[in-house]
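Undergrad: My structure is stored as protein25.csv, with CSV, C-alpha atoms.
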chain,number,residue,atom,x,y,z
A,1,MET,CA,-1.7,36.0,19.7
A,2,ASN,CA,-0.7,36.3,23.3
A,3,ALA,CA,-0.9,38.8,26.1
A,4,GLN,CA,2.5,40.2,25.4
A,5,ASN,CA,2.4,40.9,21.7
A,6,GLY,CA,0.0,43.7,21.2
A,7,SER,CA,-3.2,42.1,22.3
A,8,GLY,CA,-3.7,44.9,24.8
A,9,ASP,CA,-5.1,47.1,22.1
A,10,VAL,CA,-7.4,44.3,20.9
A,11,ARG,CA,-8.5,43.7,24.5
A,12,GLY,CA,-9.5,47.3,24.9
A,13,GLN,CA,-11.4,47.2,21.6
A,14,ILE,CA,-13.3,44.1,22.8
A,15,ALA,CA,-14.3,45.9,26.0
A,16,VAL,CA,-15.5,49.0,24.0
A,17,LEU,CA,-17.4,46.8,21.5
A,18,ALA,CA,-19.0,44.9,24.3
A,19,ARG,CA,-20.2,48.1,25.9
A,20,ASP,CA,-21.5,49.3,22.5
A,21,LEU,CA,-23.5,46.1,22.1
A,22,GLY,CA,-25.2,46.6,25.4
A,23,PHE,CA,-23.1,44.5,27.8
A,24,ASP,CA,-22.6,46.2,31.2
A,25,LEU,CA,-19.4,44.3,32.1
A,26,CYS,CA,-16.7,42.7,30.1
A,27,ARG,CA,-13.8,41.0,31.9
A,28,PHE,CA,-11.1,38.4,31.2
A,29,ALA,CA,-9.9,35.2,33.0
A,30,LYS,CA,-7.6,32.3,32.4
A,31,PRO,CA,-9.4,29.1,31.3
A,32,ASP,CA,-8.4,27.3,34.5
A,33,ALA,CA,-10.3,24.5,36.1
A,34,PRO,CA,-13.3,26.1,38.0
A,35,GLU,CA,-12.7,26.8,41.6
A,36,HIS,CA,-15.7,24.7,42.8
A,37,ALA,CA,-15.3,21.7,40.4
A,38,ALA,CA,-15.0,19.3,43.3
A,39,GLN,CA,-18.0,20.7,45.1
A,40,PHE,CA,-20.0,20.5,41.9
A,41,ARG,CA,-19.2,16.8,41.6
A,42,GLU,CA,-20.2,16.3,45.3
A,43,TRP,CA,-23.4,18.2,44.7
A,44,LEU,CA,-24.3,15.8,41.8
A,45,ASP,CA,-23.4,12.8,43.8
A,46,ARG,CA,-25.7,13.8,46.6
A,47,GLY,CA,-28.6,14.1,44.2
A,48,ASP,CA,-29.1,17.8,44.9
A,49,GLY,CA,-29.5,18.5,41.2
A,50,GLY,CA,-32.8,16.6,41.2
A,51,GLU,CA,-33.9,15.7,37.6
A,52,MET,CA,-31.4,18.0,35.9
A,53,ASN,CA,-29.6,15.0,34.4
A,54,TYR,CA,-28.0,17.1,31.7
A,55,LEU,CA,-25.7,18.5,34.3
A,56,ALA,CA,-24.2,15.0,35.0
A,57,ARG,CA,-24.0,14.1,31.4
A,58,ASN,CA,-21.3,16.7,30.7
A,59,ALA,CA,-19.9,17.1,34.2
A,60,GLU,CA,-16.3,16.6,33.2
A,61,LYS,CA,-16.5,19.1,30.4
A,62,ARG,CA,-17.9,21.6,32.9
A,63,CYS,CA,-14.9,21.0,35.1
A,64,ASP,CA,-12.3,21.4,32.3
A,65,PRO,CA,-12.6,24.3,29.7
A,66,GLN,CA,-10.0,22.5,27.6
A,67,GLN,CA,-12.5,19.8,26.9
A,68,VAL,CA,-14.9,22.4,25.6
A,69,LEU,CA,-12.4,24.2,23.4
A,70,PRO,CA,-8.9,22.7,23.0
A,71,ALA,CA,-6.2,25.3,23.0
A,72,ALA,CA,-8.4,27.8,24.8
A,73,LYS,CA,-6.3,30.6,26.4
A,74,THR,CA,-8.9,33.0,27.7
A,75,VAL,CA,-12.4,33.1,29.0
A,76,ILE,CA,-14.1,36.4,28.2
A,77,VAL,CA,-17.0,36.9,30.7
A,78,LEU,CA,-19.8,39.4,30.0
A,79,ALA,CA,-22.7,40.6,32.1
A,80,VAL,CA,-26.0,42.1,31.1
A,81,ASN,CA,-28.1,44.0,33.6
A,82,TYR,CA,-31.8,43.0,33.4
A,83,PHE,CA,-33.2,44.9,36.3
A,84,GLN,CA,-36.4,46.8,35.3
A,85,GLY,CA,-37.1,48.6,38.5
A,86,ARG,CA,-40.3,48.0,40.4
A,87,CYS,CA,-42.6,48.1,37.4
A,88,VAL,CA,-45.2,45.4,37.3
A,89,GLU,CA,-48.0,47.8,38.1
A,90,ALA,CA,-46.7,50.2,35.5
A,91,ALA,CA,-46.9,47.4,32.9
A,92,VAL,CA,-50.5,46.7,33.9
A,93,SER,CA,-51.2,50.4,33.5
A,94,ALA,CA,-49.7,50.2,30.0
A,95,ALA,CA,-51.9,47.3,29.1
A,96,ASP,CA,-55.0,49.1,30.2
A,97,SER,CA,-53.8,52.2,28.3
A,98,VAL,CA,-53.5,50.3,25.1
A,99,GLU,CA,-57.1,49.2,25.4
A,100,ALA,CA,-58.3,52.7,26.3
A,101,ASP,CA,-56.1,54.3,23.6
A,102,VAL,CA,-54.5,56.7,26.1
A,103,PRO,CA,-50.8,57.2,26.9
A,104,PRO,CA,-49.4,54.8,29.5
A,105,ALA,CA,-48.6,56.0,32.9
A,106,ASN,CA,-45.0,56.9,33.7
A,107,GLY,CA,-42.9,55.9,36.7
A,108,ALA,CA,-42.1,52.8,38.5
A,109,ALA,CA,-44.3,50.7,40.7
A,110,GLU,CA,-43.9,47.9,43.2
A,111,ALA,CA,-42.3,44.7,41.8
A,112,ALA,CA,-44.3,42.3,43.9
A,113,ALA,CA,-47.4,41.2,42.0
A,114,THR,CA,-50.8,41.2,43.7
A,115,PRO,CA,-51.8,37.7,44.9
A,116,SER,CA,-54.5,37.5,42.2
A,117,ALA,CA,-51.8,38.0,39.5
A,118,GLY,CA,-49.1,35.6,40.5
A,119,ARG,CA,-45.4,36.2,40.4
A,120,ILE,CA,-42.9,35.6,37.6
A,121,ALA,CA,-39.2,35.8,38.3
A,122,ARG,CA,-37.7,39.1,37.0
A,123,TYR,CA,-35.4,37.5,34.5
A,124,ALA,CA,-38.5,36.1,32.6
A,125,TRP,CA,-40.6,39.2,32.5
A,126,GLY,CA,-39.7,40.1,28.9
A,127,ASP,CA,-38.0,38.5,25.9
A,128,ASP,CA,-35.9,35.4,26.0
A,129,TYR,CA,-32.4,36.6,27.0
A,130,HIS,CA,-30.7,33.7,25.3
A,131,ARG,CA,-31.6,34.9,21.8
A,132,LEU,CA,-30.9,38.6,22.5
A,133,ILE,CA,-27.5,37.9,24.1
A,134,GLU,CA,-26.5,35.3,21.5
A,135,ARG,CA,-26.9,38.0,18.8
A,136,LYS,CA,-24.5,40.2,20.7
A,137,LEU,CA,-22.0,37.4,21.2
A,138,ALA,CA,-22.1,36.7,17.4
A,139,VAL,CA,-20.7,40.2,16.8
A,140,LEU,CA,-17.9,39.7,19.3
A,141,ASP,CA,-17.2,36.2,17.9
A,142,ASP,CA,-16.8,37.7,14.4
A,143,PHE,CA,-14.4,40.4,15.7
A,144,LEU,CA,-12.3,37.8,17.4
A,145,ARG,CA,-12.2,35.5,14.3
A,146,ARG,CA,-10.9,38.5,12.3
A,147,HIS,CA,-8.0,38.6,14.8
A,148,GLY,CA,-7.3,34.8,14.3
A,149,GLY,CA,-9.3,33.4,17.2
A,150,SER,CA,-11.5,30.3,17.4
A,151,GLN,CA,-14.3,30.6,19.9
A,152,LYS,CA,-17.1,28.9,21.8
A,153,CYS,CA,-19.9,31.2,23.0
A,154,TYR,CA,-22.5,30.5,25.6
A,155,VAL,CA,-25.4,32.1,27.4
A,156,ASP,CA,-25.9,29.7,30.5
A,157,THR,CA,-26.5,26.7,28.2
A,158,GLY,CA,-23.0,25.6,27.6
A,159,PRO,CA,-20.9,23.0,29.6
A,160,MET,CA,-19.2,25.6,31.8
A,161,LEU,CA,-19.4,26.5,35.5
A,162,GLU,CA,-20.0,30.0,34.5
A,163,ARG,CA,-20.2,31.6,37.9
A,164,ASP,CA,-16.7,30.3,38.8
A,165,HIS,CA,-15.3,31.8,35.6
A,166,ALA,CA,-17.2,35.0,36.2
A,167,ALA,CA,-15.8,35.3,39.8
A,168,ALA,CA,-12.3,34.6,38.5
A,169,ALA,CA,-12.7,37.4,36.0
A,170,GLY,CA,-13.8,39.8,38.7
A,171,ILE,CA,-17.4,40.2,37.5
A,172,GLY,CA,-18.6,39.6,41.1
A,173,TRP,CA,-18.3,37.2,44.0
A,174,HIS,CA,-20.1,34.1,45.1
A,175,GLY,CA,-23.0,35.0,47.5
A,176,LYS,CA,-24.2,32.5,50.1
A,177,SER,CA,-27.1,31.8,47.9
A,178,THR,CA,-24.6,30.5,45.3
A,179,MET,CA,-25.7,33.4,43.0
A,180,LEU,CA,-23.0,35.8,41.8
A,181,LEU,CA,-23.2,39.4,43.3
A,182,ASN,CA,-21.8,42.6,42.0
A,183,ARG,CA,-21.5,45.9,43.8
A,184,GLN,CA,-23.1,48.0,41.0
A,185,LEU,CA,-25.6,45.5,39.6
A,186,GLY,CA,-26.6,43.7,42.7
A,187,THR,CA,-28.0,40.3,41.8
A,188,TRP,CA,-29.9,41.3,38.6
A,189,PHE,CA,-27.6,40.3,35.7
A,190,PHE,CA,-27.2,37.6,33.1
A,191,LEU,CA,-23.8,36.0,32.4
A,192,ALA,CA,-22.3,35.0,29.0
A,193,GLU,CA,-18.9,33.5,28.2
A,194,ILE,CA,-16.6,33.4,25.2
A,195,LEU,CA,-13.9,30.8,25.3
A,196,THR,CA,-11.2,31.8,22.8
A,197,THR,CA,-7.9,30.6,21.6
A,198,LEU,CA,-6.6,34.2,21.8
A,199,GLU,CA,-4.7,35.1,24.9
A,200,PHE,CA,-5.4,38.2,26.8
A,201,ALA,CA,-4.2,39.4,30.2
A,202,PRO,CA,-6.7,38.3,33.0
A,203,ASP,CA,-8.5,40.7,35.3
A,204,ARG,CA,-8.3,40.4,39.1
A,205,SER,CA,-11.0,38.7,41.0
A,206,GLN,CA,-13.1,40.6,43.6
A,207,LYS,CA,-13.1,40.1,47.3
A,208,ASN,CA,-16.2,38.7,48.9
A,209,TYR,CA,-18.4,41.5,50.4
A,210,CYS,CA,-21.1,39.3,52.0
A,211,GLY,CA,-19.5,39.4,55.5
A,212,ARG,CA,-21.8,37.9,58.1
A,213,CYS,CA,-25.0,38.7,56.2
A,214,THR,CA,-27.4,35.7,55.8
A,215,ARG,CA,-30.4,37.5,54.4
A,216,CYS,CA,-30.5,35.3,51.3
A,217,ILE,CA,-30.5,32.1,53.4
A,218,ASP,CA,-33.1,33.4,55.7
A,219,ALA,CA,-35.4,34.5,52.9
A,220,CYS,CA,-35.7,31.2,51.1
A,221,PRO,CA,-39.3,30.0,51.5
A,222,THR,CA,-38.4,26.3,51.4
A,223,GLY,CA,-35.0,26.2,53.1
A,224,ALA,CA,-33.4,25.2,49.8
A,225,ILE,CA,-30.2,27.1,50.8
A,226,THR,CA,-29.1,24.4,53.2
A,227,ALA,CA,-25.9,26.1,54.2
A,228,ALA,CA,-23.8,29.0,53.0
A,229,HIS,CA,-23.0,28.2,49.3
A,230,GLN,CA,-25.1,25.1,49.2
A,231,VAL,CA,-28.4,24.7,47.5
A,232,ASP,CA,-30.6,21.6,47.3
A,233,ALA,CA,-32.3,22.2,44.0
A,234,ARG,CA,-35.0,19.7,44.8
A,235,LEU,CA,-36.4,22.3,47.4
A,236,CYS,CA,-35.8,25.4,45.3
A,237,ILE,CA,-39.0,27.0,43.9
A,238,SER,CA,-37.2,27.9,40.7
A,239,TYR,CA,-36.5,24.2,40.2
A,240,LEU,CA,-40.0,23.1,41.2
A,241,THR,CA,-41.7,25.5,38.9
A,242,ILE,CA,-39.4,25.3,35.9
A,243,GLU,CA,-37.1,22.3,35.8
A,244,LEU,CA,-39.4,19.7,37.5
A,245,LYS,CA,-41.5,18.2,34.8
A,246,GLY,CA,-43.9,16.1,36.9
A,247,ALA,CA,-46.0,16.7,40.0
A,248,ILE,CA,-44.8,19.2,42.6
A,249,PRO,CA,-44.5,17.4,46.0
A,250,ILE,CA,-47.6,18.1,48.0
A,251,GLU,CA,-45.6,19.1,51.1
A,252,LEU,CA,-43.8,21.8,49.2
A,253,ARG,CA,-46.9,23.3,47.4
A,254,PRO,CA,-48.0,25.6,50.2
A,255,MET,CA,-44.5,27.2,50.3
A,256,ILE,CA,-44.7,28.2,46.7
A,257,GLY,CA,-47.2,30.9,47.5
A,258,ASP,CA,-48.2,32.9,44.4
A,259,ARG,CA,-45.1,32.2,42.4
A,260,ILE,CA,-45.8,30.7,39.0
A,261,TYR,CA,-42.4,30.8,37.3
A,262,GLY,CA,-39.2,30.9,39.3
A,263,CYS,CA,-38.5,32.7,42.5
A,264,ASP,CA,-36.5,35.9,43.3
A,265,ASP,CA,-36.7,35.8,47.1
A,266,CYS,CA,-33.0,35.1,47.8
A,267,LEU,CA,-32.0,37.7,45.1
A,268,ASP,CA,-34.5,40.3,46.4
A,269,ALA,CA,-33.1,39.9,49.9
A,270,CYS,CA,-29.5,41.0,49.0
A,271,PRO,CA,-28.6,44.4,50.4
A,272,TRP,CA,-26.4,45.1,47.4
A,273,ASN,CA,-29.5,45.5,45.3
A,274,ARG,CA,-29.9,49.0,46.8
A,275,PHE,CA,-27.3,50.1,44.2
A,276,ALA,CA,-28.9,48.4,41.2
A,277,LYS,CA,-29.8,50.6,38.3
A,278,VAL,CA,-32.5,50.0,35.7
A,279,SER,CA,-31.2,48.2,32.7
A,280,ARG,CA,-30.6,49.9,29.3
A,281,GLU,CA,-32.3,46.9,27.7
A,282,THR,CA,-36.0,47.5,27.4
A,283,ALA,CA,-36.6,44.0,25.9
A,284,PHE,CA,-36.4,42.6,29.4
A,285,ALA,CA,-39.4,44.7,30.6
A,286,MET,CA,-42.6,43.0,31.7
A,287,ARG,CA,-44.9,42.5,28.8
A,288,PRO,CA,-48.1,44.4,29.4
A,289,GLU,CA,-50.3,41.6,28.2
A,290,VAL,CA,-48.8,39.2,30.7
A,291,ALA,CA,-48.8,41.8,33.5
A,292,ALA,CA,-52.6,42.2,33.0
A,293,MET,CA,-53.3,38.5,33.5
A,294,LYS,CA,-55.0,37.3,36.7
A,295,LEU,CA,-54.0,33.9,37.9
A,296,ARG,CA,-57.3,32.3,36.9
A,297,ASP,CA,-56.9,33.8,33.4
A,298,TYR,CA,-54.0,31.5,32.6
A,299,LEU,CA,-56.3,28.5,33.1
A,300,SER,CA,-58.2,29.5,29.9
A,301,LEU,CA,-55.1,29.2,27.7
A,302,ASP,CA,-55.1,26.4,25.2
A,303,GLU,CA,-51.9,25.4,23.5
A,304,GLU,CA,-52.1,28.0,20.8
A,305,LYS,CA,-53.0,30.9,23.1
A,306,PHE,CA,-50.1,29.8,25.4
A,307,ARG,CA,-47.7,29.9,22.5
A,308,GLN,CA,-48.9,33.3,21.4
A,309,LEU,CA,-48.7,34.9,24.9
A,310,PHE,CA,-45.2,33.6,25.6
A,311,ARG,CA,-43.7,33.7,22.1
A,312,ASP,CA,-40.0,34.5,22.5
A,313,SER,CA,-40.3,34.4,26.3
A,314,PRO,CA,-38.4,32.3,28.8
A,315,VAL,CA,-41.7,31.1,30.2
A,316,LYS,CA,-42.4,29.0,27.2
A,317,ARG,CA,-39.9,26.6,28.6
A,318,THR,CA,-42.4,25.1,31.0
A,319,LYS,CA,-44.9,24.5,28.2
A,320,ARG,CA,-48.6,24.9,28.9
A,321,ARG,CA,-48.8,21.9,31.2
A,322,GLY,CA,-46.0,23.2,33.5
A,323,LEU,CA,-47.2,26.7,33.8
A,324,LEU,CA,-50.9,25.8,34.4
A,325,ARG,CA,-49.7,23.3,37.0
A,326,ASN,CA,-47.9,26.1,38.7
A,327,VAL,CA,-50.9,28.4,38.4
A,328,CYS,CA,-53.1,25.8,40.1
A,329,VAL,CA,-50.7,25.6,43.0
A,330,ALA,CA,-50.7,29.3,43.4
A,331,LEU,CA,-54.5,29.5,43.3
A,332,GLY,CA,-54.5,26.8,45.9
A,333,ASN,CA,-52.4,29.0,48.1
A,334,VAL,CA,-53.9,32.5,47.5
A,335,GLY,CA,-57.1,31.9,45.5
A,336,THR,CA,-60.7,32.6,46.6
A,337,LYS,CA,-64.1,31.1,45.9
A,338,ASP,CA,-64.2,33.3,42.8
A,339,ASP,CA,-61.4,31.2,41.3
A,340,LEU,CA,-63.3,27.9,41.7
A,341,PRO,CA,-65.1,27.9,38.4
A,342,ALA,CA,-61.9,28.2,36.5
A,343,LEU,CA,-60.2,25.5,38.6
A,344,GLU,CA,-63.2,23.2,38.1
A,345,LYS,CA,-62.7,23.4,34.4
A,346,ALA,CA,-59.0,22.8,34.8
A,347,ALA,CA,-59.7,19.8,37.0
A,348,VAL,CA,-61.1,18.0,33.9
A,349,ASP,CA,-58.3,19.2,31.6
A,350,ALA,CA,-57.0,16.5,29.2
A,351,GLU,CA,-53.5,17.0,30.7
A,352,PRO,CA,-53.5,14.8,33.9
A,353,LEU,CA,-50.8,17.0,35.5
A,354,ILE,CA,-53.0,20.1,35.3
A,355,ALA,CA,-56.1,18.2,36.4
A,356,GLU,CA,-54.4,16.8,39.5
A,357,HIS,CA,-53.0,20.1,40.7
A,358,ALA,CA,-56.4,21.8,40.0
A,359,GLN,CA,-58.2,19.3,42.2
A,360,TRP,CA,-55.6,19.9,44.9
A,361,ALA,CA,-56.2,23.7,44.6
A,362,ILE,CA,-60.0,23.3,44.9
A,363,GLY,CA,-59.6,21.3,48.1
A,364,ARG,CA,-57.3,23.9,49.5
A,365,ILE,CA,-59.6,26.8,48.7
A,366,MET,CA,-62.6,25.0,50.1
A,367,GLU,CA,-60.8,24.2,53.3
A,368,ARG,CA,-59.5,27.7,53.7
A,369,THR,CA,-62.8,29.5,53.0
A,370,GLY,CA,-65.1,27.0,54.5
A,371,CYS,CA,-66.8,26.9,51.1
A,372,VAL,CA,-68.7,23.6,50.7
A,373,ASN,CA,-71.3,24.1,48.1
A,374,CYS,CA,-70.0,27.2,46.4
Could you express the structure from this file as structure tokens?
TA:
Amino acid sequence: MNAQNGSGDVRGQIAVLARDLGFDLCRFAKPDAPEHAAQFREWLDRGDGGEMNYLARNAEKRCDPQQVLPAAKTVIVLAVNYFQGRCVEAAVSAADSVEADVPPANGAAEAAATPSAGRIARYAWGDDYHRLIERKLAVLDDFLRRHGGSQKCYVDTGPMLERDHAAAAGIGWHGKSTMLLNRQLGTWFFLAEILTTLEFAPDRSQKNYCGRCTRCIDACPTGAITAAHQVDARLCISYLTIELKGAIPIELRPMIGDRIYGCDDCLDACPWNRFAKVSRETAFAMRPEVAAMKLRDYLSLDEEKFRQLFRDSPVKRTKRRGLLRNVCVALGNVGTKDDLPALEKAAVDAEPLIAEHAQWAIGRIMERTGCVNC
């Protein structure tokens, strides 16, 4: 099938089906080489990807969609809004209401968590988006197969430079933070791609609306956005708290603040977020049982309790050792003497990574509070 022989009707049906499935945007692009393929290779060569070695292993595939799906003729790019408003406190209220057996409070609350609770990046508040979106993609894949297509479907795990394809399809434009921006969704959306052997007319790309704004660059706590459209992942808090498997460099720990999984600072700073609407997908909402946790509460989690709390959550990716490492760093930055008993137990944890970061946190709190024999 090609773009000239009646595929327009099918194209429209795909867009309608995508909307019915819960996708907020559905657009089409040619499966050309990504615009920033050369810059991606340079980024890898500089070592800016840190320990994300999987990016280098399939670098050439990422730079050539035909290596991913021979005879591919179209990239269908989809976006799902995950913005839940400013609702962390509402989620805590819901958790309290469950225990009290009264209806939860309505309305939104501030997104920033209190220092005693820690901060989790918005995309990881609720259920794992991979599984949810993959189920939606399977329906679209089935539809395309019935029309003679062969497909490869991905939710940010495939060998594709997805933001380049999304920009080419007109989903949004490249912000200076390297994140994709959209005038209606702001920065709060997931991307998914379907490479197909069916040919559809491509959409137009959008112009770049960033202008002279540098708020995302200025907002980065660690200076990881080293220049417009350049990020050194080794300095990025999302990398440090999720991708990095070992010890967080001591000199970067104070900059992490109370963040325990990811960082939204460069996203939060974008002025286009003033137009963001709350997602239709409630599965992305903050889980009340997580929202009710204080930082030191996480240190009491054993492996089983960790798995229960974060079942089907993106946070499970860090495993217990990674999350508790992050919690110790956050407590070292914002904790008080009341957190010392929990940290002292963590300092003798069987996992050396947790123990070392707990010891560091104890030293920080004692130094900050002047507490010597607390």
Undergrad: Report as a PDB file with C-alpha atoms, in the coordinates of the input all protein, DNA and RNA residues lying within 8 Å of Gln151 in chain A, evaluated on only C-alpha atoms, omitting residues in the same chain fewer than 5 positions from it.
TA:
ATOM      1  CA  LEU A  69     -12.400  24.200  23.400  1.00  0.00           C
ATOM      2  CA  ASP A 141     -17.200  36.200  17.900  1.00  0.00           C
ATOM      3  CA  LEU A 144     -12.300  37.800  17.400  1.00  0.00           C
ATOM      4  CA  ARG A 145     -12.200  35.500  14.300  1.00  0.00           C
ATOM      5  CA  ILE A 194     -16.600  33.400  25.200  1.00  0.00           C
ATOM      6  CA  LEU A 195     -13.900  30.800  25.300  1.00  0.00           C
ATOM      7  CA  THR A 196     -11.200  31.800  22.800  1.00  0.00           C
ATOM      8  CA  THR A 197      -7.900  30.600  21.600  1.00  0.00           C
TER       9      THR A 197
END
Undergrad: Taking the point (-8.7, 46.3, 20.2) as given in the file, collect each protein or nucleic acid residue that comes within 12 Å of it, counting all atoms listed in the file, and present the set as a list in words.
TA: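 The residues near that point, listed by chain and number, are Gly6, Ser7, Gly8, Asp9, Val10, Arg11, Gly12, Gln13, Ile14, Ala15, Val16, Leu17, Ala18, Leu140, Phe143, Leu144, Arg146, His147 and Phe200 of chain A.
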Undergrad: Considering only C-alpha atoms, return as a PyMOL selection string whatever protein or nucleic-acid residues lie within 6 Å of Ala269 in chain A, sequence-local ones (same chain, fewer than 2 positions apart) excluded.
TA: chain A and resi 215-216+266-267
Undergrad: Take CA of Ala37 in chain A and CA of Thr241 in chain A and report the distance between them in Å, one decimal.
TA: 26.7 Å
Undergrad: Rounded to one decimal in Å, what is the spacing between CA of Lys152 in chain A and CA of Ala72 in chain A?
TA: 9.3 Å
Undergrad: Report as a VMD selection string all protein, DNA and RNA residues lying within 12 Å of range 128-130 of chain A, evaluated on all atoms listed in the file, omitting residues in the same chain fewer than 4 positions from it.
TA: chain A and resid 79 to 82 122 to 124 134 to 137 153 to 158 189 to 192 281 to 287 310 to 317
Undergrad: Using only C-alpha atoms, which of A:Ile362, A:Met179, A:Ala29, A:Cys270 sits nearest Ala219 in chain A?
TA: A:Cys270
Undergrad: Rank A:Asp142, A:Asp32, A:Glu51, A:Asp24 by their smallest atom-to-atom distance to Ser279 in chain A, using all atoms listed in the file, and report the top residue only.
TA: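 The closest residue to Ser279 in chain A is A:Asp24.
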Undergrad: Provide the CA of Ala355 in chain A to CA of Gly49 in chain A distance in Å, to one decimal place.
TA: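 These atoms are spaced 27.0 Å apart.
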Undergrad: Which residue out of A:Arg46, A:Arg19, A:Lys337, A:Arg27 has the minimum interatomic distance to Asp203 in chain A when only C-alpha atoms are used?
TA: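 Distance minimum relative to Asp203 in chain A lands on A:Arg27.
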Undergrad: Show which residues sit within 9 Å of range 54-58 of chain A, as a list of chain:residue names. Count all atoms listed in the file, and ignore same-chain residues fewer than 3 positions away.
TA: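 Close residues of range 54-58 of chain A: A:Arg41, A:Leu44, A:Gly49, A:Glu51, A:Lys61, A:Arg62, A:Cys63, A:Pro159.
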Undergrad: For Leu301 in chain A, find every residue with an atom within 12 Å (counting only C-alpha atoms), except residues of its own chain fewer than 3 positions away, and show them as a list in words.
TA: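 Surrounding residues, per the criterion: Met293, Leu295, Arg296, Asp297, Tyr298, Glu304, Lys305, Phe306, Arg307, Gln308, Leu309, Phe310, Lys319, Arg320, Arg321, Leu323, Leu324, Val327, Ala342, Lys345, Ala346 and Asp349 of chain A.
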Undergrad: Find, counting all atoms listed in the file, the residue in A:Gly223, A:Asn333, A:Gly246, A:Ala347 that gets nearest to Glu367 in chain A.
TA: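 Using all atoms listed in the file, Glu367 in chain A sits closest to A:Asn333.
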Undergrad: Could you tell me which of A:Val290, A:Ala169, A:Cys371, A:Cys220 comes closest to Cys263 in chain A if we count all atoms listed in the file?
TA: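 Looking at the shortest contact to Cys263 in chain A, the residue is A:Cys220.
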Undergrad: With only C-alpha atoms as the basis for distance, which of A:Ala361, A:Pro271, A:Leu244, A:Lys30 is at the shortest distance from Gly211 in chain A?
TA: A:Pro271
